[in-house]
2 protein chains.
Amino acid sequence: MQFSEPLVLSSGVTLVDYHLSYETYGELNQEKSNAVLICHALNASHHVAGVYAGQEHSEGWWDNMVGPGKPVDTDRFFVIGVNNLGSCFGSTGPMHTNPQTGRNYGADFPVVTVEDWVNAQARLMDKLGIHTLAAVMGGSLGGMQALSWSLQYPERVQHAIVIASAPNLTAENIAFNEVARRAIVTDPHFHGGHFYEHGVVPERGLRIARMLGHITYLSDDVMNSKFGRKLQEGDIYQYSTQAIEFQIESYLRYQGDKFCKYFDANTYLLITRALDYFDPARDFNGSLMQAMARATAEFLVISFTTDWRFAPARSREMVQALVANKRKLSYAEIDAPHGHDAFLLDDSRYMNVVRAYFDRITLAGEKK
Amino acid sequence: MQFSEPLVLSSGVTLVDYHLSYETYGELNQEKSNAVLICHALNASHHVAGVYAGQEHSEGWWDNMVGPGKPVDTDRFFVIGVNNLGSCFGSTGPMHTNPQTGRNYGADFPVVTVEDWVNAQARLMDKLGIHTLAAVMGGSLGGMQALSWSLQYPERVQHAIVIASAPNLTAENIAFNEVARRAIVTDPHFHGGHFYEHGVVPERGLRIARMLGHITYLSDDVMNSKFGRKLQEGDIYQYSTQAIEFQIESYLRYQGDKFCKYFDANTYLLITRALDYFDPARDFNGSLMQAMARATAEFLVISFTTDWRFAPARSREMVQALVANKRKLSYAEIDAPHGHDAFLLDDSRYMNVVRAYFDRITLAGEKK
């Protein structure tokens with residue numbers, strides 16, 4: 001959907017016009033009371049669930065969560081997936097033409113924040129005629145958007161579902177992001193972010209960024225059980241520093257190669273930076289309790305025990321801030337071995353928590 | 001010291017001749033019973049302690065640990081620091097001339113293992129006329145060498161002091177090493193490891209490797225207390241993906257830049273690979289208990305609570321294997337906030353544990 005009214009970003013920069021790609025699943029009811037917005041994390045898109053014509057299997061990143069009869073049941077809810085500004089899956093981003101220069105934006109695409117994304121998403125809701133969301137939901141960076149919705153538009157959110165997320169990044173989180181960004185920016189093929197014009201991609205940097213990301217998505221436990229010290233071939237060391245010796249190396253290189261083929265380097269910079277900047281407590285002298293006083297939504301907060309990227313303790317900070325504000329909330333700490341990735345995976349306890357929560361949501365005008 | 005007898009490496013490759021740089025502190029007693037070998041970790045050298053002529057402050061990497069009146073007291077012990085093969089601080093390594101080609105070794109320097117280093121160190125001890133070491137000691141990769149000494153030359157080691165170490169790397173450890181190596185190897189300035197001839201250094205890759213390393217040396221706690229989300233300048237976001245915004249970014253970039261100036265990229269590959277390969281239980285179907293049955297030394301094992309690179313659980317594996325073999329041992333788990341780096345830092349409890357242990361060591365021929 002095209003938006004022609006300018007959007008003023010957190011940075012003060014104005015985006016004159018922009019496009020947002022989105023998908024919907026299910027039917028909006030007459031009262032427009034059953035809308036659920038799904039916010040995506042780093043490398044995902046508006047394609048949350050379902051299959052496109054001719055596809056055998058869904059490429060939706062949350063197809064296990066969203067669909068008919070699934071935890072977020074599209075027989076009951078009208079689900080919206082939206083691609084964020086600055087991303088590389090259809091919404092206006094670095095690969096598009098900057099109307100002010102006629103060139104691609106490249107690294108000149110303005111820095112966008114979680115708050116900016118939420119503002120853009122709110123405008124999409126306006127255009128869809130949806131004032132109040134039954135729920136806004138996301139994992140990781142998507143969870144930050146759900147949280148931010150409850151603070152920026154408290155009157156428009158009935159339920160906020162924040163999964164495997166955090167109220168801000170730690171120094172270590174920022175550090176990993178910075179290493180990834182430096183790998184991209186210092187790749188000679190980056191060309192100051194204008195690599196499109198050179199017909200190249202900073203693949204070396206993107207690969208490193210993605211390999212590093214994958215380490216932080218997995219738990220030490222799942223890495224050990226899945227790969228351990230298993231060798232790629234046979235059981236004899238090859239004694240090489242560059243050949244693939246251990247299976248974990250093969251896995252990471254494969255993930256890095258795959259990522260280069262579909263993800264944009266400038267988007268990687270933008271999205272990791274949006275993560276770094278998010279910090280709703282910042283305007284309240286670091287008090288998350290004060291920051292969250294605005295929120296009126298009911299919350300479901302979920303964390304995973306082995307997630308060391310956004311550890312359960314970070315979810316508990318949000319829970320405590322909500323409790324201190326006497327807000328309604330449910331909190332589930334799921335004992336899952338998969339680390340941060342768990343929020344994308346099938347785990348019956350996790351899925352059941354989400355299903356039970358959505359079953360409890362009362363919709364205006366709905367006959368039960 | 002120059003060695004002209006060939007050294008057959010674990011890989012089967014023979015190093016025809018080689019040089020080992022070493023330093024000694026204190027005096028070897030008449031019985032030659034007071035020698036302590038200090039093994040270095042990734043980026044350190046034979047310069048363990050003390051000052052060179054004209055220096056005001058010591059650049060020795062364990063100067064707080066080794067010296068007159070210090071925990072490893074050079075008034076009593078004869079301490080030897082040795083630079084390992086493949087390193088870049090004097091001993092034969094990738095920057096030296098390969099006698100078979102007349103070129104620098106570069107990436108053709110043979111892969112060396114912890115076991116190879118210990119064999120080379122044992123020959124140095126032979127030349128110094130030292131049959132039995134009162135102690136062999138190291139932290140991190142240095143601790144692996146101390147452990148390996150106790151297995152390769154059990155009769156030559158009275159005490160093994162293994163600090164912040166592990167009996168092998170986990171998949172996650174290997175993964176971090178692999179990302180660092182790929183960053184170096186894919187840097188266009190790497191030139192297949194023969195960058196010396198091109199007058200360049202793969203600085204981009206080395207920087208990434210070092211930045212990443214630093215994240216794993218620090219604990220999440222110490223990063224948060226030292227840097228947290230503090231901004232580099234003022235208290236207003238600059239909204240940039242490439243400028244330094246957070247202090248942690250400045251710290252990491254500084255560490256990366258500094259590292260490029262003194263460390264060799266090929267050495268980085270070799271040393272991380274030696275870490276990956278170390279696994280004494282491998283020849284015993286993964287049984288560390290069986291692997292350590294050979295060891296006759298008395299052990300001091302030390303770990304640090306916040307070390308997530310080589311977590312206390314990894315040290316406890318060694319302790320359990322020693323207990324199962326009914327070996328004498330002391331184990332200290334130091335509650336220190338500094339992560340893996342703690343083994344290099346002053347912490348009175350840590351220093352006192354080492355001091356007390358060395359005070360208990362009985363030396364043949366010594367009057368107490």
# chains A, B, ... in the order shown; residues from 1 in each chain; ligands from 1
call {"tool": "interface_residues", "arguments": {"of": "chain A", "to": "chain B", "cutoff": "8 Å", "atoms": "only C-alpha atoms", "output": "ChimeraX atom specification"}}
result
/A:11,111,169-172,174-176,178-179,181-183,185-187,204-205,208,211-212,215,220,223-224,227-229,237-242,248-249,252,269-270,273,277
call {"tool": "select_by_dssp", "arguments": {"residues": "range 237-316 of chain A", "states": "strand (DSSP E or B)", "output": "ChimeraX atom specification"}}
result
/A:246,298-304
call {"tool": "residues_around", "arguments": {"residues": "range 292-301 of chain A", "least_positions_apart": "4", "cutoff": "6 Å", "atoms": "only C-alpha atoms", "output": "number ranges by chain"}}
result
A: 150-151, 154, 157-163, 288, 325, 328-331
call {"tool": "write_last_selection", "arguments": {"atoms": "N, CA and C atoms", "output": "compact mmCIF listing (two decimals), in the first residue's frame"}}
result
# COMPACT_ATOMS: atom_id res chain seq x y z
N SER A 150 1.93 -0.81 22.53
CA SER A 150 1.16 -0.63 23.78
C SER A 150 1.51 0.69 24.46
N LEU A 151 2.67 1.25 24.10
CA LEU A 151 3.10 2.52 24.70
C LEU A 151 2.76 3.71 23.80
N PRO A 154 -1.72 3.24 23.18
CA PRO A 154 -2.33 2.37 24.20
C PRO A 154 -3.82 2.10 23.93
N VAL A 157 -4.66 -0.91 21.36
CA VAL A 157 -4.18 -2.28 21.56
C VAL A 157 -4.90 -2.92 22.74
N GLN A 158 -5.59 -4.01 22.49
CA GLN A 158 -6.23 -4.71 23.60
C GLN A 158 -5.31 -5.73 24.26
N HIS A 159 -4.50 -6.40 23.44
CA HIS A 159 -3.57 -7.40 23.97
C HIS A 159 -2.22 -7.26 23.28
N ALA A 160 -1.18 -7.29 24.07
CA ALA A 160 0.17 -7.26 23.51
C ALA A 160 0.85 -8.58 23.85
N ILE A 161 1.35 -9.26 22.82
CA ILE A 161 2.00 -10.56 23.02
C ILE A 161 3.48 -10.41 22.65
N VAL A 162 4.31 -10.47 23.68
CA VAL A 162 5.73 -10.14 23.55
C VAL A 162 6.53 -11.40 23.84
N ILE A 163 7.17 -11.95 22.81
CA ILE A 163 7.80 -13.27 22.92
C ILE A 163 9.32 -13.17 22.70
N LEU A 288 11.72 1.50 33.62
CA LEU A 288 10.78 0.80 32.75
C LEU A 288 9.38 0.86 33.35
N ASN A 325 2.72 -1.64 37.72
CA ASN A 325 1.65 -0.76 37.24
C ASN A 325 0.26 -1.41 37.35
N LYS A 328 -2.90 -6.20 33.88
CA LYS A 328 -3.20 -7.62 33.70
C LYS A 328 -2.12 -8.26 32.84
N LEU A 329 -1.63 -9.41 33.23
CA LEU A 329 -0.62 -10.06 32.39
C LEU A 329 -0.53 -11.53 32.67
N SER A 330 -0.06 -12.25 31.67
CA SER A 330 0.30 -13.66 31.83
C SER A 330 1.77 -13.77 31.45
N TYR A 331 2.49 -14.61 32.16
CA TYR A 331 3.91 -14.80 31.82
C TYR A 331 4.21 -16.29 31.79
call {"tool": "select_by_dssp", "arguments": {"residues": "range 216-302 of chain A", "states": "helix (DSSP H, G or I)", "output": "MDAnalysis selection string"}}
result
chainID A and resid 216:217 220:226 247:262 265:277 280:284 288:294
call {"tool": "closest_residue", "arguments": {"among": "B:Asp359, B:Lys32, B:Asn98, B:Ala166", "to": "Ile130 in chain B", "atoms": "only C-alpha atoms"}}
result
B:Lys32
call {"tool": "atom_distance", "arguments": {"atom1": "CA of Pro280 in chain B", "atom2": "CA of Leu42 in chain B"}}
result
19.1 Å
call {"tool": "residues_around", "arguments": {"residues": "range 49-55 of chain A", "least_positions_apart": "2", "cutoff": "12 Å", "atoms": "only C-alpha atoms", "output": "PyMOL selection string"}}
result
chain A and resi 22-26+38+40+44-47+57-68+70+72-74+79-82
